[in-house]
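Dumped my_file-v7.csv below, it's CSV, C-alpha atoms:
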```csv
chain,number,residue,atom,x,y,z
A,30,MET,CA,9.1,10.7,-23.4
A,31,ARG,CA,9.5,7.9,-20.8
A,32,LYS,CA,11.9,10.2,-18.8
A,33,THR,CA,9.5,13.1,-19.0
A,34,ILE,CA,6.6,11.0,-17.7
A,35,LYS,CA,8.8,9.8,-14.8
A,36,LEU,CA,9.7,13.3,-13.9
A,37,ALA,CA,6.1,14.4,-14.0
A,38,LEU,CA,5.0,11.6,-11.7
A,39,ALA,CA,7.9,12.1,-9.4
A,40,ALA,CA,7.1,15.7,-9.1
A,41,SER,CA,3.5,14.9,-8.1
A,42,MET,CA,4.9,12.7,-5.3
A,43,VAL,CA,7.1,15.3,-3.8
A,44,LEU,CA,4.9,15.7,-0.7
A,45,GLY,CA,5.4,12.0,0.0
A,46,ALA,CA,9.1,12.5,0.6
A,47,THR,CA,9.2,10.1,3.5
A,48,SER,CA,7.8,6.6,3.5
A,49,ALA,CA,4.4,5.4,4.6
A,50,PHE,CA,3.0,2.1,5.5
A,51,ALA,CA,-0.3,1.8,3.8
A,52,THR,CA,-1.9,-0.8,6.1
A,53,ASN,CA,-2.9,-3.8,3.9
A,54,GLY,CA,0.7,-4.9,3.4
A,55,SER,CA,2.0,-1.9,1.5
A,56,ASN,CA,-1.3,-1.0,-0.1
A,57,LEU,CA,-3.7,1.7,1.0
A,58,ILE,CA,-6.9,0.4,2.6
A,59,GLY,CA,-8.9,2.9,0.4
A,60,ILE,CA,-8.4,5.5,-2.2
A,61,GLY,CA,-10.1,8.8,-1.2
A,62,ALA,CA,-11.6,10.1,2.0
A,63,LYS,CA,-15.1,8.6,1.5
A,64,ALA,CA,-13.8,5.1,1.1
A,65,ARG,CA,-11.2,5.5,3.9
A,66,ALA,CA,-13.9,6.8,6.3
A,67,MET,CA,-15.8,3.5,5.7
A,68,GLY,CA,-12.9,1.1,6.3
A,69,GLY,CA,-11.9,1.1,2.6
A,70,VAL,CA,-15.1,-0.2,1.1
A,71,GLY,CA,-15.6,0.7,-2.6
A,72,ILE,CA,-16.0,-2.5,-4.7
A,73,GLY,CA,-19.8,-2.6,-4.1
A,74,MET,CA,-20.5,1.0,-3.2
A,75,ALA,CA,-20.2,4.0,-5.4
A,76,HIS,CA,-18.1,7.0,-4.3
A,77,GLY,CA,-18.4,9.1,-7.4
A,78,ALA,CA,-15.2,10.0,-9.3
A,79,GLU,CA,-13.3,8.4,-6.3
A,80,SER,CA,-14.4,4.9,-7.6
A,81,ALA,CA,-12.2,5.1,-10.7
A,82,LEU,CA,-9.3,3.0,-9.4
A,83,VAL,CA,-11.2,0.6,-7.1
A,84,ASN,CA,-14.1,-0.3,-9.3
A,85,PRO,CA,-14.3,1.8,-12.4
A,86,ALA,CA,-17.8,0.5,-13.2
A,87,LEU,CA,-19.1,2.6,-10.3
A,88,ILE,CA,-18.2,6.0,-11.8
A,89,SER,CA,-21.6,5.5,-13.5
A,90,SER,CA,-23.0,7.2,-10.3
A,91,VAL,CA,-21.7,10.6,-11.5
A,92,GLU,CA,-24.6,12.7,-12.8
A,93,SER,CA,-22.6,15.2,-14.8
A,94,THR,CA,-18.9,16.0,-14.1
A,95,GLU,CA,-17.2,15.5,-10.8
A,96,ILE,CA,-13.7,16.6,-9.7
A,97,GLN,CA,-12.1,15.3,-6.5
A,98,PHE,CA,-8.8,16.5,-5.1
A,99,GLY,CA,-7.4,15.3,-1.9
A,100,GLY,CA,-4.6,13.7,0.1
A,101,THR,CA,-3.9,11.4,3.0
A,102,ILE,CA,-1.5,12.4,5.9
A,103,PHE,CA,0.1,9.3,7.2
A,104,MET,CA,1.7,9.1,10.6
A,105,PRO,CA,3.1,5.6,11.3
A,106,ASN,CA,4.9,4.9,14.6
A,107,VAL,CA,7.5,2.1,14.1
A,108,LYS,CA,9.9,0.8,16.7
A,109,SER,CA,12.6,-1.9,16.4
A,110,THR,CA,14.4,-3.9,19.0
A,111,ASN,CA,17.2,-6.1,17.5
A,112,ASN,CA,19.7,-8.4,19.2
A,113,ILE,CA,22.9,-9.1,17.3
A,114,GLY,CA,26.0,-10.7,18.8
A,115,GLY,CA,25.2,-9.7,22.3
A,116,GLY,CA,24.2,-6.1,21.4
A,117,ASP,CA,20.6,-5.1,22.0
A,118,SER,CA,19.1,-1.7,21.2
A,119,THR,CA,15.6,-0.2,20.6
A,120,GLU,CA,15.1,2.7,18.2
A,121,THR,CA,12.1,4.6,16.7
A,122,SER,CA,12.0,5.0,12.9
A,123,ALA,CA,12.2,8.7,11.8
A,124,ALA,CA,9.9,8.0,8.8
A,125,ASP,CA,6.8,9.1,10.7
A,126,LEU,CA,5.0,11.5,8.3
A,127,SER,CA,4.0,11.3,4.7
A,128,VAL,CA,1.4,13.0,2.5
A,129,ILE,CA,-0.1,10.9,-0.3
A,130,PRO,CA,-2.0,12.9,-3.0
A,131,SER,CA,-5.0,11.9,-5.1
A,132,ILE,CA,-6.9,13.5,-8.0
A,133,SER,CA,-10.0,12.0,-9.7
A,134,ILE,CA,-12.2,13.4,-12.5
A,135,ALA,CA,-15.2,11.6,-14.0
A,136,THR,CA,-17.8,12.8,-16.5
A,137,LYS,CA,-21.1,11.5,-17.9
A,138,VAL,CA,-20.9,11.5,-21.7
A,139,ASN,CA,-24.5,10.2,-22.2
A,140,GLU,CA,-26.9,7.7,-20.6
A,141,ASN,CA,-24.6,4.8,-21.3
A,142,PHE,CA,-21.0,6.0,-21.4
A,143,TYR,CA,-18.7,7.5,-18.7
A,144,TRP,CA,-15.0,8.3,-18.6
A,145,GLY,CA,-12.5,10.1,-16.5
A,146,ILE,CA,-8.9,10.6,-15.6
A,147,GLY,CA,-6.9,10.5,-12.4
A,148,MET,CA,-3.7,10.2,-10.5
A,149,TRP,CA,-3.4,8.5,-7.1
A,150,GLY,CA,-0.7,7.6,-4.6
A,151,THR,CA,-1.6,3.9,-4.0
A,152,ALA,CA,1.1,2.4,-1.8
A,153,GLY,CA,4.3,2.9,0.1
A,154,MET,CA,6.4,1.6,3.0
A,155,GLY,CA,9.7,2.2,4.7
A,156,VAL,CA,11.7,3.0,7.8
A,157,ASP,CA,14.5,5.5,8.6
A,158,TYR,CA,17.0,4.5,11.3
A,159,ARG,CA,19.9,6.6,9.9
A,160,ASP,CA,20.0,8.5,13.2
A,161,ALA,CA,20.3,5.3,15.3
A,162,ASP,CA,23.7,4.3,16.8
A,163,LYS,CA,26.1,2.7,14.3
A,164,ALA,CA,27.1,-1.0,14.9
A,165,ALA,CA,30.5,0.1,16.3
A,166,ASP,CA,28.6,2.1,19.0
A,167,GLY,CA,26.3,-0.7,19.9
A,168,GLY,CA,23.4,0.0,17.5
A,169,THR,CA,21.6,-3.0,16.0
A,170,GLN,CA,19.2,-1.3,13.6
A,171,MET,CA,21.9,-1.5,10.8
A,172,GLN,CA,21.3,2.2,10.0
A,173,MET,CA,18.5,0.8,7.9
A,174,VAL,CA,16.7,3.2,5.5
A,175,THR,CA,14.0,1.8,3.2
A,176,ASN,CA,11.6,3.8,1.0
A,177,LEU,CA,9.0,2.5,-1.5
A,178,GLN,CA,6.6,4.9,-3.2
A,179,LEU,CA,4.0,4.0,-5.8
A,180,MET,CA,1.7,6.3,-7.9
A,181,GLN,CA,-0.8,5.4,-10.6
A,182,PHE,CA,-2.2,7.4,-13.5
A,183,GLY,CA,-5.4,6.0,-15.1
A,184,VAL,CA,-8.2,6.7,-17.5
A,185,PRO,CA,-11.5,4.9,-16.4
A,186,LEU,CA,-13.9,4.0,-19.2
A,187,THR,CA,-17.4,2.7,-18.2
A,188,TYR,CA,-20.5,1.4,-20.0
A,189,ALA,CA,-23.8,1.3,-18.2
A,190,ASN,CA,-27.2,0.0,-19.1
A,191,SER,CA,-30.3,-1.0,-17.1
A,192,GLY,CA,-28.6,-1.1,-13.7
A,193,PHE,CA,-25.6,-3.0,-15.0
A,194,SER,CA,-22.2,-1.4,-15.6
A,195,ILE,CA,-18.7,-2.5,-16.6
A,196,GLY,CA,-15.6,-0.5,-16.5
A,197,VAL,CA,-11.9,-0.7,-17.2
A,198,THR,CA,-9.1,1.6,-16.1
A,199,PRO,CA,-5.8,1.2,-17.9
A,200,VAL,CA,-3.1,2.1,-15.4
A,201,LEU,CA,0.4,3.5,-15.8
A,202,GLN,CA,2.4,3.0,-12.5
A,203,TYR,CA,5.4,4.9,-11.4
A,204,GLY,CA,7.5,3.4,-8.6
A,205,ALA,CA,10.6,4.5,-6.7
A,206,LEU,CA,12.6,2.2,-4.3
A,207,ASP,CA,15.6,2.9,-2.1
A,208,ILE,CA,17.3,0.6,0.4
A,209,ASN,CA,20.4,1.5,2.3
A,210,TYR,CA,22.0,-0.1,5.4
A,211,GLU,CA,25.3,-0.7,7.3
A,212,TYR,CA,26.4,-4.3,7.4
A,213,PRO,CA,26.0,-5.4,11.0
A,214,GLY,CA,28.5,-8.2,11.5
A,215,ASN,CA,29.6,-11.6,10.1
A,216,PRO,CA,26.8,-14.1,9.6
A,217,ASN,CA,28.9,-16.2,7.2
A,218,PRO,CA,32.7,-16.4,6.6
A,219,ALA,CA,32.5,-14.7,3.2
A,220,ALA,CA,30.5,-11.8,4.5
A,221,PRO,CA,31.7,-8.2,4.3
A,222,ALA,CA,33.4,-6.5,7.2
A,223,GLN,CA,31.2,-4.8,9.9
A,224,GLY,CA,30.3,-1.3,9.0
A,225,THR,CA,30.3,-1.8,5.2
A,226,ASN,CA,27.6,0.3,3.7
A,227,PHE,CA,25.2,-1.1,1.0
A,228,GLY,CA,22.9,0.9,-1.2
A,229,ALA,CA,22.6,1.7,-4.8
A,230,GLY,CA,20.6,4.9,-4.7
A,231,VAL,CA,16.9,5.3,-5.8
A,232,GLY,CA,15.7,2.9,-8.5
A,233,GLN,CA,12.7,4.0,-10.6
A,234,ASP,CA,10.4,2.3,-13.1
A,235,LEU,CA,7.2,2.7,-15.1
A,236,ALA,CA,4.9,-0.2,-16.0
A,237,PHE,CA,1.4,-0.8,-17.2
A,238,GLY,CA,-1.5,-2.6,-15.6
A,239,VAL,CA,-5.3,-2.7,-15.8
A,240,ASN,CA,-8.2,-2.5,-13.3
A,241,ILE,CA,-11.5,-4.1,-14.3
A,242,GLY,CA,-14.8,-3.7,-12.5
A,243,ALA,CA,-18.4,-4.7,-12.9
A,244,ALA,CA,-21.5,-3.7,-10.9
A,245,TYR,CA,-25.3,-4.4,-10.8
A,246,GLN,CA,-27.7,-2.1,-9.0
A,247,ILE,CA,-31.4,-2.9,-8.1
A,248,ALA,CA,-33.8,-1.7,-5.4
A,249,GLY,CA,-31.1,-0.1,-3.2
A,250,VAL,CA,-28.7,-3.1,-3.5
A,251,THR,CA,-25.3,-2.8,-5.4
A,252,ILE,CA,-23.2,-5.8,-6.1
A,253,GLY,CA,-19.7,-5.3,-7.4
A,254,ALA,CA,-16.6,-7.3,-8.5
A,255,SER,CA,-13.1,-6.1,-9.3
A,256,TYR,CA,-9.8,-7.3,-10.6
A,257,LYS,CA,-6.4,-5.6,-10.6
A,258,SER,CA,-3.6,-7.1,-12.6
A,259,GLN,CA,-0.1,-7.6,-11.3
A,260,ILE,CA,2.2,-4.8,-12.3
A,261,ASP,CA,5.9,-6.0,-12.7
A,262,MET,CA,8.3,-3.3,-11.5
A,263,GLU,CA,12.1,-3.5,-11.7
A,264,TYR,CA,14.3,-1.2,-9.7
A,265,ARG,CA,17.7,-1.6,-11.3
A,266,ASN,CA,20.5,-2.7,-8.9
A,267,VAL,CA,18.5,-1.9,-5.7
A,268,LEU,CA,17.5,-5.3,-4.4
A,269,SER,CA,20.4,-7.2,-6.0
A,270,THR,CA,23.0,-4.9,-4.4
A,271,THR,CA,21.5,-4.8,-0.9
A,272,VAL,CA,20.3,-8.4,-0.6
A,273,SER,CA,23.3,-10.2,-2.1
A,274,PRO,CA,25.5,-9.9,1.1
A,275,PHE,CA,22.9,-12.0,2.9
A,276,SER,CA,22.4,-14.6,0.2
A,277,THR,CA,23.9,-18.1,0.8
A,278,THR,CA,25.4,-18.0,-2.7
A,279,GLY,CA,26.8,-14.5,-2.2
A,280,SER,CA,24.6,-13.3,-5.2
A,281,TYR,CA,21.0,-12.3,-5.4
A,282,ASP,CA,20.1,-11.1,-9.0
A,283,ASN,CA,16.4,-10.2,-8.7
A,284,ASP,CA,15.6,-6.4,-8.9
A,285,LYS,CA,11.9,-6.9,-9.4
A,286,LEU,CA,9.3,-5.8,-6.8
A,287,SER,CA,6.0,-6.3,-8.4
A,288,THR,CA,2.6,-4.8,-7.3
A,289,PRO,CA,0.5,-7.8,-6.6
A,290,ALA,CA,-2.8,-8.8,-8.3
A,291,GLU,CA,-6.0,-8.3,-6.5
A,292,ILE,CA,-9.5,-9.8,-6.9
A,293,GLY,CA,-12.5,-8.7,-4.9
A,294,LEU,CA,-16.3,-8.7,-4.3
A,295,GLY,CA,-18.5,-6.1,-2.6
A,296,VAL,CA,-22.1,-5.4,-1.8
A,297,SER,CA,-24.0,-2.5,-0.3
A,298,TYR,CA,-27.6,-1.8,0.7
A,299,GLU,CA,-29.1,1.7,0.9
A,300,ILE,CA,-32.5,2.7,2.5
A,301,ALA,CA,-33.7,6.1,3.6
A,302,GLY,CA,-30.2,7.6,3.6
A,303,ASN,CA,-28.6,4.7,5.5
A,304,THR,CA,-26.1,2.5,3.7
A,305,ILE,CA,-24.1,-0.5,4.9
A,306,ALA,CA,-21.4,-2.0,2.7
A,307,LEU,CA,-19.1,-5.0,2.8
A,308,ASP,CA,-16.0,-5.8,0.7
A,309,TYR,CA,-13.8,-8.8,0.5
A,310,LYS,CA,-10.6,-8.9,-1.6
A,311,GLN,CA,-7.5,-11.1,-1.8
A,312,ILE,CA,-4.1,-9.6,-2.4
A,313,LYS,CA,-1.7,-12.0,-4.1
A,314,TRP,CA,1.6,-11.3,-2.5
A,315,SER,CA,2.8,-14.9,-2.8
A,316,ASP,CA,2.9,-14.5,-6.6
A,317,ALA,CA,4.5,-11.1,-6.8
A,318,GLU,CA,8.1,-10.9,-7.8
A,319,GLY,CA,10.3,-9.8,-4.9
A,320,TYR,CA,7.7,-10.2,-2.2
A,321,LYS,CA,7.6,-14.0,-2.7
A,322,ASP,CA,11.4,-14.1,-2.3
A,323,PHE,CA,10.8,-12.7,1.3
A,324,ASP,CA,8.0,-15.3,1.8
A,325,TRP,CA,5.1,-12.8,2.0
A,326,VAL,CA,1.7,-14.6,2.0
A,327,ASP,CA,-1.6,-13.7,0.4
A,328,GLN,CA,-3.9,-11.4,2.4
A,329,ASP,CA,-7.6,-11.8,2.8
A,330,VAL,CA,-9.0,-8.4,3.4
A,331,ILE,CA,-12.5,-7.7,5.0
A,332,ALA,CA,-13.9,-4.2,5.1
A,333,ILE,CA,-17.2,-3.1,6.5
A,334,GLY,CA,-18.6,0.5,6.5
A,335,TYR,CA,-21.7,2.4,7.4
A,336,GLU,CA,-22.9,5.8,6.0
A,337,TYR,CA,-25.8,8.1,6.9
A,338,ALA,CA,-26.3,10.7,4.2
A,339,ALA,CA,-28.5,13.8,4.6
A,340,ASP,CA,-29.1,16.6,2.1
A,341,SER,CA,-25.9,18.6,2.8
A,342,TRP,CA,-23.8,16.2,5.1
A,343,ALA,CA,-22.9,12.6,5.7
A,344,ALA,CA,-21.4,10.6,8.5
A,345,ARG,CA,-19.4,7.4,8.1
A,346,VAL,CA,-17.7,4.7,10.2
A,347,GLY,CA,-15.8,1.6,9.2
A,348,TYR,CA,-13.5,-1.3,10.1
A,349,ASN,CA,-10.9,-3.1,8.0
A,350,TYR,CA,-9.0,-6.3,8.9
A,351,SER,CA,-6.4,-8.4,7.2
A,352,ALA,CA,-3.7,-10.6,8.8
A,353,SER,CA,-0.2,-9.4,8.2
A,354,PRO,CA,1.4,-10.7,5.0
A,355,ILE,CA,4.7,-11.4,6.8
A,356,GLU,CA,5.1,-14.5,9.0
A,357,GLU,CA,8.0,-15.8,11.0
A,358,GLN,CA,10.1,-18.2,9.1
A,359,LYS,CA,11.6,-21.0,11.2
A,360,VAL,CA,15.3,-20.6,11.9
A,361,ALA,CA,17.5,-23.7,12.2
A,362,PHE,CA,21.3,-23.9,12.5
A,363,GLY,CA,23.7,-26.8,11.6
A,364,ALA,CA,27.4,-27.2,11.6
A,365,ALA,CA,27.8,-25.0,8.5
A,366,GLY,CA,25.4,-22.3,9.7
A,367,GLU,CA,21.7,-21.7,9.1
A,368,THR,CA,20.1,-24.5,7.2
A,369,ASN,CA,16.6,-23.2,6.4
A,370,VAL,CA,17.1,-21.6,3.0
A,371,ASN,CA,14.3,-20.7,0.6
A,372,SER,CA,14.2,-20.9,-3.2
A,373,ALA,CA,15.7,-17.4,-3.5
A,374,GLY,CA,18.8,-18.4,-1.6
A,375,LEU,CA,17.8,-16.5,1.6
A,376,THR,CA,17.9,-18.0,5.0
A,377,ALA,CA,14.9,-17.8,7.3
A,378,GLY,CA,16.8,-15.5,9.6
A,379,THR,CA,17.6,-13.1,6.7
A,380,VAL,CA,13.9,-13.0,5.6
A,381,ASN,CA,12.8,-12.3,9.2
A,382,THR,CA,15.4,-9.5,9.6
A,383,PHE,CA,14.5,-7.7,6.4
A,384,ASN,CA,10.8,-8.1,6.9
A,385,LEU,CA,10.7,-6.8,10.5
A,386,LEU,CA,13.5,-4.3,10.4
A,387,GLY,CA,13.1,-2.9,6.8
A,388,PHE,CA,9.5,-3.6,5.8
A,389,PRO,CA,7.4,-4.2,9.0
A,390,ALA,CA,4.0,-4.3,7.3
A,391,THR,CA,2.4,-5.8,10.4
A,392,THR,CA,-0.7,-3.7,11.1
A,393,GLU,CA,-4.0,-5.7,10.9
A,394,SER,CA,-7.1,-3.9,12.4
A,395,HIS,CA,-8.1,-0.4,11.3
A,396,VAL,CA,-10.9,1.6,12.8
A,397,THR,CA,-12.2,4.5,10.7
A,398,VAL,CA,-14.6,7.5,11.0
A,399,GLY,CA,-15.4,10.5,8.8
A,400,GLY,CA,-17.9,12.5,7.0
A,401,THR,CA,-18.9,15.0,4.3
A,402,TYR,CA,-20.1,18.6,4.5
A,403,GLY,CA,-21.6,20.4,1.5
A,404,PHE,CA,-21.0,24.1,1.3
A,405,THR,CA,-23.3,24.3,-1.8
A,406,LYS,CA,-24.9,21.9,-4.2
A,407,GLN,CA,-21.7,22.0,-6.2
A,408,ALA,CA,-18.9,22.0,-3.5
A,409,SER,CA,-18.2,19.8,-0.6
A,410,VAL,CA,-15.4,18.5,1.6
A,411,ASP,CA,-14.7,15.0,2.9
A,412,VAL,CA,-12.7,14.1,6.0
A,413,ALA,CA,-11.6,10.6,7.2
A,414,LEU,CA,-9.6,9.5,10.3
A,415,ALA,CA,-8.1,6.0,10.4
A,416,TYR,CA,-6.3,4.4,13.4
A,417,ALA,CA,-4.5,1.0,13.4
A,418,PRO,CA,-3.7,-0.1,17.0
A,419,GLU,CA,-0.1,-1.2,17.8
A,420,ILE,CA,1.0,-4.7,16.7
A,421,SER,CA,4.1,-6.2,18.2
A,422,LYS,CA,5.8,-9.1,16.5
A,423,THR,CA,9.0,-10.9,17.5
A,424,PHE,CA,10.9,-13.2,15.1
A,425,THR,CA,14.4,-14.8,15.1
A,426,ASN,CA,16.9,-12.8,13.1
A,427,PHE,CA,19.9,-14.0,11.0
A,428,ALA,CA,22.1,-14.2,14.2
A,429,GLY,CA,19.6,-16.6,15.8
A,430,GLN,CA,18.4,-13.9,18.3
A,431,ASP,CA,15.3,-11.9,18.7
A,432,ILE,CA,14.1,-9.0,16.6
A,433,THR,CA,10.9,-7.2,17.5
A,434,ALA,CA,8.9,-4.6,15.6
A,435,LYS,CA,6.1,-2.5,17.1
A,436,HIS,CA,3.9,-0.7,14.6
A,437,SER,CA,0.8,1.5,14.9
A,438,GLN,CA,-0.7,4.1,12.5
A,439,THR,CA,-2.8,7.2,12.5
A,440,SER,CA,-3.9,8.9,9.2
A,441,VAL,CA,-6.1,11.8,8.2
A,442,ALA,CA,-7.6,12.1,4.7
A,443,ILE,CA,-9.2,15.2,3.2
A,444,GLY,CA,-11.0,15.5,-0.1
A,445,LEU,CA,-12.4,18.5,-1.9
A,446,ASN,CA,-15.3,17.8,-4.4
A,447,TYR,CA,-16.8,20.0,-7.1
A,448,VAL,CA,-19.7,19.0,-9.3
A,449,PHE,CA,-20.8,20.9,-12.4
```

Could you express the structure from this file as structure tokens?
Amino acid sequence: MRKTIKLALAASMVLGATSAFATNGSNLIGIGAKARAMGGVGIGMAHGAESALVNPALISSVESTEIQFGGTIFMPNVKSTNNIGGGDSTETSAADLSVIPSISIATKVNENFYWGIGMWGTAGMGVDYRDADKAADGGTQMQMVTNLQLMQFGVPLTYANSGFSIGVTPVLQYGALDINYEYPGNPNPAAPAQGTNFGAGVGQDLAFGVNIGAAYQIAGVTIGASYKSQIDMEYRNVLSTTVSPFSTTGSYDNDKLSTPAEIGLGVSYEIAGNTIALDYKQIKWSDAEGYKDFDWVDQDVIAIGYEYAADSWAARVGYNYSASPIEEQKVAFGAAGETNVNSAGLTAGTVNTFNLLGFPATTESHVTVGGTYGFTKQASVDVALAYAPEISKTFTNFAGQDITAKHSQTSVAIGLNYVF
């Protein structure tokens, strides 16, 4: 049964065959086109069935049964300049297009009880430098290929009474991780020879989590709160195989890369078709297995959105900001080599290299716009466009030289809605 579920979830991710950076670290700024058009707000503003994963308490806005089917087309632009042993090259990652699907269904059982079902692509990141020059030809991108994809399946259950609602979505998460690279040189005497390839194939895992939400609505004001549990994922032999050559002990035995916990608050106010919404959430990267070994820090995410809704159409704009969860680690060298080593046995230069070359989750500001058009009272379409301006970061790599990542994003989300 476990293998069957994995295969079903993997099949639903087939469109996302290349990696995407999902803007708040490796997480999408919003699930669904309505939320994405408003900067990702959704903790304190209802988006119908689309609310199931963000704040399940808000599916209480569904009047009968609502089905939403959609996807996000991600177009990241990532460039790397790396300097190793006198070599210096700039390359563009070939992982520049992904499609992330989402399906949400919610229904009103009676005046107090609502439930639904859904499947959502929630996160992803990766680069593809396999077409860059090999180290022997002067290339310094290490032929690095990374690919993380996450999808969640959930069943939201909500109780509502007198303006107050509380909901819970038990979540089954499927994840796939692949890391592959060519060893670049000789940072320590026991290191492998230049050109040695490291990779263990794609690791997969299934694990459970839970999303909990609450909301209170009165006189056009909605106040919401949400909590997402950490989901511990283990990708057998992937991290341990690819990170060990860079460990000061020659061995790195952690294969976990957990989805971090989140806690958030949101508020919205609606009057005469005009709604303004504000969300705050914290993503706990520093407590998540795997991410904390590479010194990712917690993110404080602020999202603000505005919507004007008429009878058959709506217009939306938004803004989302969070500082990058990766920060430069200070590199220091002594007689025996690099001396700044973290608790996972990784030097600061190794952390900097893997973060900027393999997982450059550096985008910070996101500007969004979109809207809805209703064909009939039952059918409508949502569209959202999000743009993250280029961020350039330069750290010191394991060779004590500069590594630079430049990263920008454009994405388009489309959702089809049917109410009956």

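Shell of A:Lys310 at 6 Å, with all atoms listed in the file counted and residues fewer than 5 places along the chain excluded, is A:Ile292, A:Gly293, A:Val330.
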
Please report, as JSON lines, each residue of stretch 67-183 of chain A lying at most 12 Å from stretch 303-306 of chain A, together with the nearest pair of atoms and the separation in Å rounded to one decimal; use only C-alpha atoms, and order rows by chain and ascending residue number.
```
{"residue": "A:Met67", "atom": "CA", "partner": "A:Ala306", "partner_atom": "CA", "distance": 8.4}
{"residue": "A:Gly68", "atom": "CA", "partner": "A:Ala306", "partner_atom": "CA", "distance": 9.7}
{"residue": "A:Gly69", "atom": "CA", "partner": "A:Ala306", "partner_atom": "CA", "distance": 10.0}
{"residue": "A:Val70", "atom": "CA", "partner": "A:Ala306", "partner_atom": "CA", "distance": 6.7}
{"residue": "A:Gly71", "atom": "CA", "partner": "A:Ala306", "partner_atom": "CA", "distance": 8.3}
{"residue": "A:Ile72", "atom": "CA", "partner": "A:Ala306", "partner_atom": "CA", "distance": 9.2}
{"residue": "A:Gly73", "atom": "CA", "partner": "A:Ala306", "partner_atom": "CA", "distance": 7.0}
{"residue": "A:Met74", "atom": "CA", "partner": "A:Ala306", "partner_atom": "CA", "distance": 6.7}
{"residue": "A:Ala75", "atom": "CA", "partner": "A:Ala306", "partner_atom": "CA", "distance": 10.2}
{"residue": "A:His76", "atom": "CA", "partner": "A:Ala306", "partner_atom": "CA", "distance": 11.9}
```

(message) From the options A:Gly399, A:Gly150, A:Gly302, A:Gly295, which residue's atoms come nearest to A:Met180, counting all atoms listed in the file?
(response)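 Among the listed residues, the smallest separation from A:Met180 belongs to A:Gly150.
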
(request) Work out how far atom CA of A:Thr439 is from atom CA of A:Arg345, in Å to one decimal. (result) 17.2 Å

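In terms of minimum interatomic distance to A:Asp261, A:Glu318 ranks closest within A:Glu318, A:Tyr281, A:Pro221, A:Gly59, counting all atoms listed in the file.
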
Compile a residue-level contact table for stretch 371-396 of chain A against stretch 153-165 of chain A at a cut-off of 9 Å, reporting for every qualifying residue the shortest atom pair and its distance in Å to one decimal, with only C-alpha atoms counted, rows ordered by chain and ascending number, as a tab-separated table.
```
residue	atom	partner	partner_atom	distance
A:Leu386	CA	A:Val156	CA	8.0
A:Gly387	CA	A:Val156	CA	6.1
A:Phe388	CA	A:Gly155	CA	5.9
A:Pro389	CA	A:Gly155	CA	8.0
A:Ala390	CA	A:Met154	CA	7.7
```
